[in-house]
$ cat work-v1.txt   # compact mmCIF, C-alpha atoms
# COMPACT_ATOMS: atom_id res chain seq x y z
CA MET A 67 6.79 4.33 -1.23
CA GLU A 68 9.11 6.26 1.09
CA ALA A 69 7.05 9.44 0.74
CA HIS A 70 4.15 7.79 2.55
CA GLN A 71 6.12 6.60 5.56
CA PRO A 72 5.82 9.70 7.77
CA VAL A 73 2.00 9.44 7.80
CA ALA A 74 1.86 5.65 8.04
CA GLU A 75 4.57 5.06 10.58
CA ARG A 76 4.02 7.91 13.05
CA PRO A 77 2.78 6.79 16.46
CA LEU A 78 -0.87 7.56 17.13
CA PRO A 79 -2.96 6.97 20.25
CA PRO A 80 -5.02 3.73 20.31
CA ILE A 81 -8.15 5.48 19.06
CA GLN A 82 -9.28 2.62 16.84
CA GLN A 83 -8.88 0.07 19.63
CA ILE A 84 -10.76 2.23 22.12
CA ALA A 85 -13.54 2.90 19.61
CA ILE A 86 -13.93 -0.85 19.01
CA THR A 87 -14.06 -1.40 22.80
CA VAL A 88 -16.84 1.21 23.03
CA LEU A 89 -18.67 -0.62 20.25
CA VAL A 90 -18.28 -3.96 22.06
CA LEU A 91 -19.68 -2.46 25.30
CA ILE A 92 -22.69 -0.99 23.48
CA VAL A 93 -23.33 -4.25 21.60
CA ILE A 94 -23.19 -6.24 24.87
CA GLY A 95 -25.64 -3.74 26.41
CA GLY A 96 -27.92 -4.11 23.40
CA ILE A 97 -27.84 -7.91 23.53
CA TYR A 98 -28.46 -7.90 27.28
CA THR A 99 -31.43 -5.58 26.86
CA ALA A 100 -32.88 -7.46 23.88
CA ALA A 101 -32.56 -10.77 25.75
CA HIS A 102 -34.79 -9.41 28.53
CA LEU A 103 -37.38 -7.51 26.51
CA PRO A 104 -40.33 -7.14 26.73
CA ARG A 105 -39.92 -7.86 30.45
CA HIS A 106 -38.22 -5.41 32.81
CA VAL A 107 -34.51 -5.16 32.10
CA PRO A 108 -32.23 -5.11 35.19
CA GLN A 109 -30.62 -1.67 34.92
CA GLY A 110 -27.38 -2.17 36.86
CA PRO A 111 -25.45 -3.98 34.10
CA THR A 112 -26.75 -1.73 31.30
CA ILE A 113 -25.93 1.47 33.22
CA THR A 114 -22.45 0.13 34.01
CA LEU A 115 -21.85 -0.71 30.34
CA LEU A 116 -23.23 2.66 29.24
CA VAL A 117 -21.08 4.63 31.69
CA ALA A 118 -17.95 2.66 30.71
CA ALA A 119 -18.68 3.24 27.02
CA GLY A 120 -19.36 6.95 27.59
CA VAL A 121 -16.14 7.43 29.56
CA LEU A 122 -14.09 5.63 26.89
CA LEU A 123 -15.74 7.68 24.16
CA GLY A 124 -14.84 10.87 26.07
CA VAL A 125 -11.26 9.67 26.47
CA ASN A 126 -11.14 8.90 22.75
CA ILE A 127 -12.37 12.37 21.80
CA VAL A 128 -9.71 13.97 24.04
CA LEU A 129 -6.98 11.73 22.60
CA LEU A 130 -8.11 12.58 19.08
CA ALA A 131 -8.25 16.32 19.74
CA ARG A 132 -4.68 16.26 21.06
CA ILE A 133 -3.15 14.78 17.91
CA GLU A 134 -0.91 17.29 16.17
CA HIS A 135 -0.58 17.52 12.40
CA PHE A 136 -3.66 15.44 11.70
CA ALA A 137 -5.71 15.42 8.49
CA TRP A 138 -8.70 17.13 10.08
CA GLN A 139 -10.28 17.98 6.74
CA ALA A 140 -10.43 14.30 5.77
CA PHE A 141 -11.64 13.40 9.26
CA ARG A 142 -14.46 15.95 9.11
CA LEU A 143 -15.47 14.84 5.62
CA VAL A 144 -15.78 11.15 6.54
CA ALA A 145 -17.01 11.54 10.12
CA GLY A 146 -19.56 14.17 9.07
CA TRP A 147 -21.25 12.04 6.44
CA VAL A 148 -21.09 8.90 8.57
CA LEU A 149 -22.65 10.88 11.42
CA VAL A 150 -25.55 11.86 9.16
CA ALA A 151 -26.06 8.20 8.17
CA TYR A 152 -25.88 6.95 11.75
CA LEU A 153 -28.21 9.67 13.03
CA VAL A 154 -30.77 8.30 10.57
CA ILE A 155 -30.17 4.73 11.79
CA ALA A 156 -30.22 5.79 15.46
CA GLY A 157 -33.38 7.81 14.79
CA MET A 158 -35.08 4.75 13.31
CA LEU A 159 -34.10 2.62 16.29
CA GLU A 160 -35.35 5.33 18.67
CA TYR A 161 -38.62 5.38 16.76
CA VAL A 162 -38.96 1.60 17.20
CA PHE A 163 -38.28 1.86 20.94
CA VAL A 164 -40.94 4.54 21.39
CA TYR A 165 -43.35 2.77 19.05
CA ASP A 166 -42.97 -0.41 21.09
CA ASN A 167 -43.92 1.47 24.27
CA THR A 168 -40.47 1.56 25.83
CA SER A 169 -40.51 4.34 28.38
CA GLY A 170 -38.99 5.76 31.53
CA THR A 171 -35.47 4.93 32.61
CA GLN A 172 -35.21 2.10 30.09
CA LEU A 173 -35.86 4.52 27.21
CA VAL A 174 -33.28 6.97 28.59
CA ILE A 175 -30.65 4.21 28.84
CA LEU A 176 -31.36 2.94 25.32
CA SER A 177 -31.33 6.47 23.91
CA LEU A 178 -27.99 7.24 25.53
CA MET A 179 -26.57 3.94 24.22
CA LEU A 180 -27.74 4.93 20.74
CA ALA A 181 -26.13 8.36 21.14
CA VAL A 182 -22.79 6.82 22.13
CA PHE A 183 -23.07 4.39 19.19
CA ALA A 184 -23.94 7.20 16.74
CA LEU A 185 -20.88 9.19 17.84
CA ASP A 186 -18.46 6.28 18.13
CA ILE A 187 -18.80 4.93 14.57
CA PRO A 188 -18.19 8.29 12.80
CA LEU A 189 -15.17 8.85 15.04
CA LEU A 190 -13.83 5.38 14.20
CA LEU A 191 -14.36 5.66 10.44
CA GLY A 192 -13.13 9.26 10.27
CA PHE A 193 -9.97 8.34 12.14
CA SER A 194 -9.42 5.20 10.04
CA VAL A 195 -9.29 7.34 6.89
CA ALA A 196 -7.62 10.50 8.21
CA ARG A 197 -4.71 8.65 9.82
CA PHE A 198 -3.46 7.76 6.34
CA GLN A 199 -3.99 11.20 4.82
CA ASP A 200 -1.42 13.95 4.72
CA PRO A 201 -2.34 16.85 7.03
CA ALA A 202 -3.44 19.88 5.01
CA MET B 12 -7.21 -18.12 3.19
CA ALA B 13 -5.29 -16.97 0.14
CA SER B 14 -2.07 -15.01 0.49
CA ILE B 15 -1.93 -11.46 -0.80
CA ALA B 16 0.88 -10.39 -3.09
CA GLU B 17 2.79 -7.14 -2.51
CA PRO B 18 1.58 -4.42 -4.89
CA THR B 19 4.13 -2.19 -6.59
CA PRO B 20 3.72 1.53 -7.32
CA ALA B 21 4.04 0.81 -11.03
CA ALA B 22 1.26 -1.74 -10.86
CA LEU B 23 -0.91 0.68 -8.93
CA SER B 24 -0.48 3.52 -11.37
CA THR B 25 -1.50 1.56 -14.47
CA SER B 26 -5.09 1.66 -15.69
CA ARG B 27 -6.50 2.77 -12.33
CA PRO B 28 -10.19 3.64 -12.57
CA LYS B 29 -11.62 6.78 -10.95
CA VAL B 30 -12.80 5.80 -7.48
CA THR B 31 -16.20 6.86 -6.15
CA ILE B 32 -16.70 6.55 -2.38
CA VAL B 33 -20.52 6.55 -2.30
CA PRO B 34 -22.47 5.78 -5.52
CA VAL B 35 -25.01 8.59 -5.28
CA GLN B 36 -27.32 7.03 -7.89
CA GLY B 37 -28.00 4.19 -5.42
CA LEU B 38 -29.26 6.48 -2.64
CA PRO B 39 -32.87 6.70 -3.92
CA ILE B 40 -33.08 2.88 -3.86
CA VAL B 41 -31.79 2.87 -0.30
CA ALA B 42 -34.36 5.53 0.63
CA VAL B 43 -37.20 3.46 -0.86
CA VAL B 44 -36.07 0.35 1.06
CA ILE B 45 -35.78 2.25 4.34
CA VAL B 46 -39.17 3.96 3.93
CA GLY B 47 -40.68 0.55 3.20
CA LEU B 48 -39.15 -0.78 6.40
CA VAL B 49 -40.59 2.09 8.43
CA VAL B 50 -44.03 1.43 6.91
CA ALA B 51 -43.71 -2.31 7.64
CA ILE B 52 -42.87 -1.61 11.28
CA ALA B 53 -45.49 1.13 11.67
CA THR B 54 -48.28 -1.06 10.26
CA ASN B 55 -47.02 -4.22 12.00
CA SER B 56 -47.89 -6.12 8.84
CA THR B 57 -46.75 -9.69 9.41
CA TRP B 58 -46.28 -10.28 5.67
CA ALA B 59 -44.24 -7.08 5.15
CA LEU B 60 -42.08 -7.72 8.21
CA ASP B 61 -41.57 -11.34 7.17
CA PHE B 62 -40.72 -10.26 3.61
CA TYR B 63 -38.14 -7.72 4.81
CA HIS B 64 -36.62 -10.17 7.26
CA VAL B 65 -36.43 -13.12 4.88
CA ALA B 66 -35.33 -11.10 1.83
CA GLY B 67 -32.81 -9.03 3.80
CA GLY B 68 -31.50 -12.01 5.76
CA GLY B 69 -31.17 -14.13 2.63
CA LEU B 70 -29.25 -11.41 0.81
CA TRP B 71 -27.06 -10.66 3.83
CA THR B 72 -26.15 -14.31 4.38
CA ALA B 73 -25.57 -15.02 0.70
CA ILE B 74 -23.43 -11.92 0.13
CA ASP B 75 -21.35 -12.54 3.26
CA LEU B 76 -20.79 -16.19 2.35
CA PHE B 77 -19.94 -15.31 -1.25
CA LEU B 78 -17.60 -12.46 -0.34
CA GLY B 79 -15.91 -14.27 2.51
CA LEU B 80 -15.53 -17.74 1.12
CA VAL B 81 -15.55 -17.29 -2.68
CA LEU B 82 -14.66 -13.79 -3.86
CA GLY B 83 -12.26 -12.95 -0.99
CA PRO B 84 -9.87 -15.85 -1.62
CA ILE B 85 -10.08 -15.22 -5.38
CA MET B 86 -9.19 -11.53 -4.86
CA GLY B 87 -6.19 -12.59 -2.81
CA THR B 88 -4.73 -14.40 -5.82
CA MET B 89 -5.56 -11.77 -8.47
CA SER B 90 -2.99 -9.44 -10.03
CA ILE B 91 -2.74 -6.06 -8.34
CA PRO B 92 -4.28 -3.96 -11.15
CA SER B 93 -7.16 -6.43 -11.47
CA ARG B 94 -7.74 -6.44 -7.74
CA ILE B 95 -7.71 -2.66 -7.59
CA GLU B 96 -10.11 -2.40 -10.50
CA LEU B 97 -12.49 -4.91 -8.91
CA SER B 98 -12.23 -3.26 -5.48
CA SER B 99 -12.77 0.25 -6.79
CA ARG B 100 -16.02 -0.88 -8.42
CA LEU B 101 -17.24 -3.36 -5.80
CA MET B 102 -16.47 -1.63 -2.50
CA PRO B 103 -18.51 1.58 -3.11
CA LYS B 104 -21.53 -0.56 -3.90
CA LEU B 105 -21.01 -2.63 -0.76
CA LEU B 106 -20.88 0.63 1.19
CA LEU B 107 -24.55 1.16 0.30
CA ILE B 108 -25.78 -2.43 0.04
CA MET B 109 -24.52 -3.90 3.31
CA PRO B 110 -25.78 -1.30 5.84
CA THR B 111 -29.13 -1.26 4.02
CA ILE B 112 -29.74 -5.01 4.11
CA VAL B 113 -28.42 -5.26 7.68
CA THR B 114 -30.84 -2.52 8.78
CA MET B 115 -33.81 -4.11 6.99
CA THR B 116 -33.01 -7.59 8.35
CA LEU B 117 -32.48 -6.60 11.97
CA GLY B 118 -35.22 -3.95 12.16
CA SER B 119 -37.89 -6.19 10.67
CA GLY B 120 -36.62 -9.29 12.52
CA PHE B 121 -36.89 -7.72 15.94
CA GLN B 122 -40.35 -6.30 15.23
CA LEU B 123 -41.49 -9.62 13.74
CA ALA B 124 -40.36 -11.50 16.83
CA ARG B 125 -42.16 -8.98 19.01
CA THR B 126 -45.37 -9.18 16.95
CA LEU B 127 -45.35 -12.99 17.04
CA GLY B 128 -44.62 -13.04 20.77
CA LYS B 129 -41.25 -14.71 20.33
CA LEU B 130 -39.33 -12.16 22.41
CA SER B 131 -40.92 -13.50 25.57
CA ALA B 132 -38.67 -15.50 27.88
CA SER B 133 -41.40 -18.14 27.99
CA TYR B 134 -40.95 -18.76 24.26
CA PRO B 135 -39.45 -22.29 24.08
CA GLN B 136 -36.72 -21.24 21.64
CA HIS B 137 -35.74 -18.07 23.54
CA GLY B 138 -32.22 -19.40 24.03
CA TRP B 139 -31.77 -19.74 20.26
CA LEU B 140 -33.05 -16.19 19.82
CA VAL B 141 -30.48 -14.87 22.29
CA ALA B 142 -27.82 -16.91 20.49
CA SER B 143 -28.79 -15.12 17.27
CA TYR B 144 -28.37 -11.74 19.03
CA ILE B 145 -24.87 -12.77 20.09
CA VAL B 146 -23.89 -13.92 16.59
CA VAL B 147 -25.22 -10.68 15.08
CA GLY B 148 -23.45 -8.68 17.78
CA VAL B 149 -20.10 -10.30 17.02
CA MET B 150 -20.63 -9.77 13.29
CA ALA B 151 -21.56 -6.12 13.92
CA VAL B 152 -18.37 -5.52 15.89
CA ILE B 153 -16.25 -7.16 13.16
CA ALA B 154 -18.04 -5.35 10.34
CA LEU B 155 -18.19 -1.89 11.93
CA GLY B 156 -14.92 -2.07 13.82
CA LEU B 157 -12.62 -3.68 11.26
CA LEU B 158 -14.17 -4.42 7.87
CA GLU B 159 -15.84 -1.08 7.15
CA PRO B 160 -12.89 1.09 8.27
CA ALA B 161 -10.57 -0.98 6.04
CA ASN B 162 -13.03 -0.73 3.16
CA ILE B 163 -13.29 3.07 3.35
CA ALA B 164 -9.57 3.56 3.95
CA VAL B 165 -8.77 1.53 0.80
CA LEU B 166 -11.16 3.67 -1.25
CA PHE B 167 -9.56 6.90 -0.02
CA GLU B 168 -6.08 5.49 -0.64
CA LEU B 169 -7.05 4.57 -4.20
CA ARG B 170 -8.12 8.18 -4.84
CA LYS B 171 -4.61 9.46 -4.18
CA PRO B 172 -2.39 10.30 -7.17
CA GLU B 173 0.19 7.84 -5.82
CA PRO B 174 -1.50 5.19 -3.65
CA ASN B 175 0.61 3.41 -1.06
CA GLY B 176 0.77 -0.22 -2.21
CA ALA B 177 1.88 -1.67 1.12
CA ARG B 178 -0.91 0.13 2.92
CA ILE B 179 -3.53 -1.11 0.46
CA GLN B 180 -2.18 -4.62 0.88
CA ARG B 181 -2.49 -4.42 4.69
CA LEU B 182 -5.98 -2.96 4.55
CA MET B 183 -7.22 -5.44 1.97
CA LYS B 184 -5.84 -8.29 4.05
CA VAL B 185 -8.00 -7.04 6.95
CA PHE B 186 -11.00 -6.77 4.60
CA ILE B 187 -10.56 -10.28 3.17
CA TYR B 188 -9.97 -11.98 6.54
CA THR B 189 -12.87 -10.22 8.29
CA ALA B 190 -15.17 -10.97 5.33
CA GLY B 191 -14.14 -14.64 5.72
CA ILE B 192 -14.92 -14.62 9.44
CA THR B 193 -18.34 -13.02 8.98
CA GLY B 194 -19.00 -15.50 6.17
CA LEU B 195 -18.33 -18.38 8.53
CA MET B 196 -20.49 -16.80 11.24
CA GLN B 197 -23.36 -16.67 8.77
CA VAL B 198 -23.34 -20.47 8.84
CA ALA B 199 -24.21 -20.19 12.56
CA THR B 200 -27.00 -17.77 11.63
CA LEU B 201 -28.39 -20.29 9.15
CA VAL B 202 -28.42 -23.03 11.80
CA ILE B 203 -30.11 -20.79 14.39
CA MET B 204 -32.72 -19.32 12.05
CA THR B 205 -33.75 -22.67 10.55
CA LYS B 206 -33.99 -24.06 14.09
CA ILE B 207 -36.28 -21.19 15.16
CA ALA B 208 -38.36 -21.34 11.98
CA THR B 209 -39.05 -25.07 12.28
CA SER B 210 -39.84 -25.27 16.00
$ encode --input "work-v1.txt" --output "structure tokens"
Amino acid sequence: MEAHQPVAERPLPPIQQIAITVLVLIVIGGIYTAAHLPRHVPQGPTITLLVAAGVLLGVNIVLLARIEHFAWQAFRLVAGWVLVAYLVIAGMLEYVFVYDNTSGTQLVILSLMLAVFALDIPLLLGFSVARFQDPA
Amino acid sequence: MASIAEPTPAALSTSRPKVTIVPVQGLPIVAVVIVGLVVAIATNSTWALDFYHVAGGGLWTAIDLFLGLVLGPIMGTMSIPSRIELSSRLMPKLLLIMPTIVTMTLGSGFQLARTLGKLSASYPQHGWLVASYIVVGVMAVIALGLLEPANIAVLFELRKPEPNGARIQRLMKVFIYTAGITGLMQVATLVIMTKIATS
């Protein structure tokens, strides 16, 4: 049991918490948009949520990149495959938006929200696994 | 909710099955389901969309309720080797099943509501529809932010030559509690969906 303590107990930045916050912001944006469709969606709140989520995602990537002695191999393995899966899901959602005649600024906002979502989940899952793995 | 006993290294090392993260043999089934969903949306077939939404929603609700309120508490009281054996066989399957049925339920549900004109704010039950978005949103955050990371981390821990028992205990506690919460939230989904369907 002792042999595992260095990996488990070492302090790490709040990457999981920030990733969940990004997810919450994107979900709120999605609910807000869905509640207004098919009418025009007021763009102020969605752009604010998108920008906040994007900034937090950027912060999270920087925090992650600065971790020393991290199990990057495990992170890449998990995050890579999850990214493939979520690109498929995001692609399907994008298809539905276009198919349902969403266009213009609204399509750009939704696409960017999907992009943030598709990057945030792989980062979260990759980190959740790699934090408990021994660095190679 | 049931308490979770502390696993010991000895208990973890006995009769531990080989752990698979993603059951590859299930991927073709997932592909068929997803292609069917795309076809249902592309053709706007009311029957196909309704089938996907009802079948997916029924499975999603039933599995969440069963995992959260029946199997979860039972797992909490099982012996450590039994729990590990069950988890190492159940969790990889859930890794394929849950995202697939969630995608088919939500994708077909939104398109169905659009096709039937129920997305409109003038729809009398629009408030209930928005309530369903909120419930699904909360469940998505719990599932993607807490449940799924714990699920995958347990699987990777179980693949180690010497798994950390305390860590598995912590992660499984997260899994069991979050499965319980999403199970309870599915009751709200049942209320909302039956309200929409009958009005």
$ interface_residues --input "work-v1.txt" --of "chain A" --to "chain B" --cutoff "6 Å" --atoms "all atoms listed in the file" --output "list of chain:residue names"
A:Ile86, A:Val93, A:Ile97, A:Ala101, A:Leu191, A:Ser194, A:Val195
$ closest_residue --input "work-v1.txt" --among "A:Ala137, A:Ala85, A:Pro80, A:Phe198" --to "B:Leu182" --atoms "only C-alpha atoms"
A:Phe198
$ residues_around --input "work-v1.txt" --residues "A:Ala131" --least-positions-apart "6" --cutoff "12 Å" --atoms "only C-alpha atoms" --output "number ranges by chain"
A: 78-79, 81, 124-125, 137-138, 141, 189, 193
$ residues_around --input "work-v1.txt" --residues "A:Val182" --least-positions-apart "2" --cutoff "8 Å" --atoms "all atoms listed in the file" --output "number ranges by chain"
A: 92, 119-120, 123, 178-180, 184-186
$ residues_around --input "work-v1.txt" --residues "A:Leu115" --least-positions-apart "3" --cutoff "12 Å" --atoms "all atoms listed in the file" --output "VMD selection string"
chain A and resid 87 to 99 109 to 112 118 to 122 175 to 176 178 to 179 182
$ closest_residue --input "work-v1.txt" --among "B:Pro135, B:Pro84, B:Pro172, B:Gly68" --to "B:Met204" --atoms "all atoms listed in the file"
B:Gly68
$ decode --input "work-v1.txt" --residues "stretch 92-121 of chain A" --atoms "N, CA and C atoms" --output "PDB file, in the first residue's frame"
ATOM      1  N   ILE A  92     -20.895  24.524 -20.396  1.00  0.00           N
ATOM      2  CA  ILE A  92     -21.346  24.086 -21.722  1.00  0.00           C
ATOM      3  C   ILE A  92     -22.768  23.514 -21.649  1.00  0.00           C
ATOM      4  N   VAL A  93     -23.031  22.747 -20.596  1.00  0.00           N
ATOM      5  CA  VAL A  93     -24.373  22.157 -20.430  1.00  0.00           C
ATOM      6  C   VAL A  93     -25.413  23.263 -20.233  1.00  0.00           C
ATOM      7  N   ILE A  94     -25.081  24.275 -19.424  1.00  0.00           N
ATOM      8  CA  ILE A  94     -26.014  25.397 -19.228  1.00  0.00           C
ATOM      9  C   ILE A  94     -26.270  26.099 -20.567  1.00  0.00           C
ATOM     10  N   GLY A  95     -25.189  26.309 -21.336  1.00  0.00           N
ATOM     11  CA  GLY A  95     -25.336  26.924 -22.661  1.00  0.00           C
ATOM     12  C   GLY A  95     -26.217  26.089 -23.571  1.00  0.00           C
ATOM     13  N   GLY A  96     -26.033  24.779 -23.503  1.00  0.00           N
ATOM     14  CA  GLY A  96     -26.847  23.875 -24.324  1.00  0.00           C
ATOM     15  C   GLY A  96     -28.309  23.908 -23.932  1.00  0.00           C
ATOM     16  N   ILE A  97     -28.573  23.911 -22.632  1.00  0.00           N
ATOM     17  CA  ILE A  97     -29.960  23.951 -22.149  1.00  0.00           C
ATOM     18  C   ILE A  97     -30.616  25.279 -22.545  1.00  0.00           C
ATOM     19  N   TYR A  98     -29.857  26.363 -22.361  1.00  0.00           N
ATOM     20  CA  TYR A  98     -30.383  27.694 -22.694  1.00  0.00           C
ATOM     21  C   TYR A  98     -30.753  27.768 -24.183  1.00  0.00           C
ATOM     22  N   THR A  99     -29.842  27.222 -25.008  1.00  0.00           N
ATOM     23  CA  THR A  99     -30.093  27.242 -26.454  1.00  0.00           C
ATOM     24  C   THR A  99     -31.294  26.375 -26.809  1.00  0.00           C
ATOM     25  N   ALA A 100     -31.316  25.146 -26.270  1.00  0.00           N
ATOM     26  CA  ALA A 100     -32.400  24.211 -26.585  1.00  0.00           C
ATOM     27  C   ALA A 100     -33.750  24.758 -26.121  1.00  0.00           C
ATOM     28  N   ALA A 101     -33.753  25.506 -25.020  1.00  0.00           N
ATOM     29  CA  ALA A 101     -35.011  26.048 -24.492  1.00  0.00           C
ATOM     30  C   ALA A 101     -35.587  27.118 -25.416  1.00  0.00           C
ATOM     31  N   HIS A 102     -34.713  27.738 -26.231  1.00  0.00           N
ATOM     32  CA  HIS A 102     -35.186  28.801 -27.126  1.00  0.00           C
ATOM     33  C   HIS A 102     -35.490  28.312 -28.539  1.00  0.00           C
ATOM     34  N   LEU A 103     -34.797  27.237 -28.950  1.00  0.00           N
ATOM     35  CA  LEU A 103     -35.001  26.758 -30.319  1.00  0.00           C
ATOM     36  C   LEU A 103     -36.452  26.362 -30.546  1.00  0.00           C
ATOM     37  N   PRO A 104     -36.988  26.462 -31.758  1.00  0.00           N
ATOM     38  CA  PRO A 104     -36.341  26.929 -32.983  1.00  0.00           C
ATOM     39  C   PRO A 104     -36.368  28.446 -33.180  1.00  0.00           C
ATOM     40  N   ARG A 105     -36.798  29.185 -32.128  1.00  0.00           N
ATOM     41  CA  ARG A 105     -36.790  30.651 -32.263  1.00  0.00           C
ATOM     42  C   ARG A 105     -35.355  31.155 -32.203  1.00  0.00           C
ATOM     43  N   HIS A 106     -35.184  32.468 -32.368  1.00  0.00           N
ATOM     44  CA  HIS A 106     -33.863  33.073 -32.236  1.00  0.00           C
ATOM     45  C   HIS A 106     -33.382  32.949 -30.788  1.00  0.00           C
ATOM     46  N   VAL A 107     -32.146  32.583 -30.638  1.00  0.00           N
ATOM     47  CA  VAL A 107     -31.577  32.435 -29.286  1.00  0.00           C
ATOM     48  C   VAL A 107     -30.795  33.707 -28.950  1.00  0.00           C
ATOM     49  N   PRO A 108     -31.132  34.395 -27.849  1.00  0.00           N
ATOM     50  CA  PRO A 108     -30.327  35.566 -27.447  1.00  0.00           C
ATOM     51  C   PRO A 108     -28.867  35.154 -27.276  1.00  0.00           C
ATOM     52  N   GLN A 109     -27.947  35.862 -27.947  1.00  0.00           N
ATOM     53  CA  GLN A 109     -26.571  35.375 -28.018  1.00  0.00           C
ATOM     54  C   GLN A 109     -25.671  35.826 -26.872  1.00  0.00           C
ATOM     55  N   GLY A 110     -26.070  36.873 -26.168  1.00  0.00           N
ATOM     56  CA  GLY A 110     -25.224  37.367 -25.069  1.00  0.00           C
ATOM     57  C   GLY A 110     -24.878  36.288 -24.052  1.00  0.00           C
ATOM     58  N   PRO A 111     -25.901  35.643 -23.460  1.00  0.00           N
ATOM     59  CA  PRO A 111     -25.594  34.620 -22.439  1.00  0.00           C
ATOM     60  C   PRO A 111     -24.791  33.447 -22.993  1.00  0.00           C
ATOM     61  N   THR A 112     -25.106  32.990 -24.210  1.00  0.00           N
ATOM     62  CA  THR A 112     -24.382  31.826 -24.745  1.00  0.00           C
ATOM     63  C   THR A 112     -22.926  32.175 -25.051  1.00  0.00           C
ATOM     64  N   ILE A 113     -22.703  33.384 -25.579  1.00  0.00           N
ATOM     65  CA  ILE A 113     -21.316  33.796 -25.864  1.00  0.00           C
ATOM     66  C   ILE A 113     -20.535  33.938 -24.558  1.00  0.00           C
ATOM     67  N   THR A 114     -21.179  34.498 -23.533  1.00  0.00           N
ATOM     68  CA  THR A 114     -20.511  34.637 -22.230  1.00  0.00           C
ATOM     69  C   THR A 114     -20.126  33.264 -21.672  1.00  0.00           C
ATOM     70  N   LEU A 115     -21.071  32.322 -21.733  1.00  0.00           N
ATOM     71  CA  LEU A 115     -20.796  30.967 -21.231  1.00  0.00           C
ATOM     72  C   LEU A 115     -19.691  30.302 -22.046  1.00  0.00           C
ATOM     73  N   LEU A 116     -19.739  30.491 -23.369  1.00  0.00           N
ATOM     74  CA  LEU A 116     -18.738  29.887 -24.250  1.00  0.00           C
ATOM     75  C   LEU A 116     -17.349  30.450 -23.968  1.00  0.00           C
ATOM     76  N   VAL A 117     -17.264  31.774 -23.839  1.00  0.00           N
ATOM     77  CA  VAL A 117     -15.960  32.402 -23.576  1.00  0.00           C
ATOM     78  C   VAL A 117     -15.411  31.931 -22.231  1.00  0.00           C
ATOM     79  N   ALA A 118     -16.272  31.909 -21.210  1.00  0.00           N
ATOM     80  CA  ALA A 118     -15.831  31.455 -19.877  1.00  0.00           C
ATOM     81  C   ALA A 118     -15.333  30.011 -19.943  1.00  0.00           C
ATOM     82  N   ALA A 119     -16.081  29.164 -20.653  1.00  0.00           N
ATOM     83  CA  ALA A 119     -15.683  27.754 -20.776  1.00  0.00           C
ATOM     84  C   ALA A 119     -14.368  27.631 -21.540  1.00  0.00           C
ATOM     85  N   GLY A 120     -14.216  28.410 -22.611  1.00  0.00           N
ATOM     86  CA  GLY A 120     -12.990  28.360 -23.406  1.00  0.00           C
ATOM     87  C   GLY A 120     -11.778  28.816 -22.615  1.00  0.00           C
ATOM     88  N   VAL A 121     -11.957  29.894 -21.842  1.00  0.00           N
ATOM     89  CA  VAL A 121     -10.840  30.397 -21.021  1.00  0.00           C
ATOM     90  C   VAL A 121     -10.447  29.352 -19.977  1.00  0.00           C
TER      91      VAL A 121
END
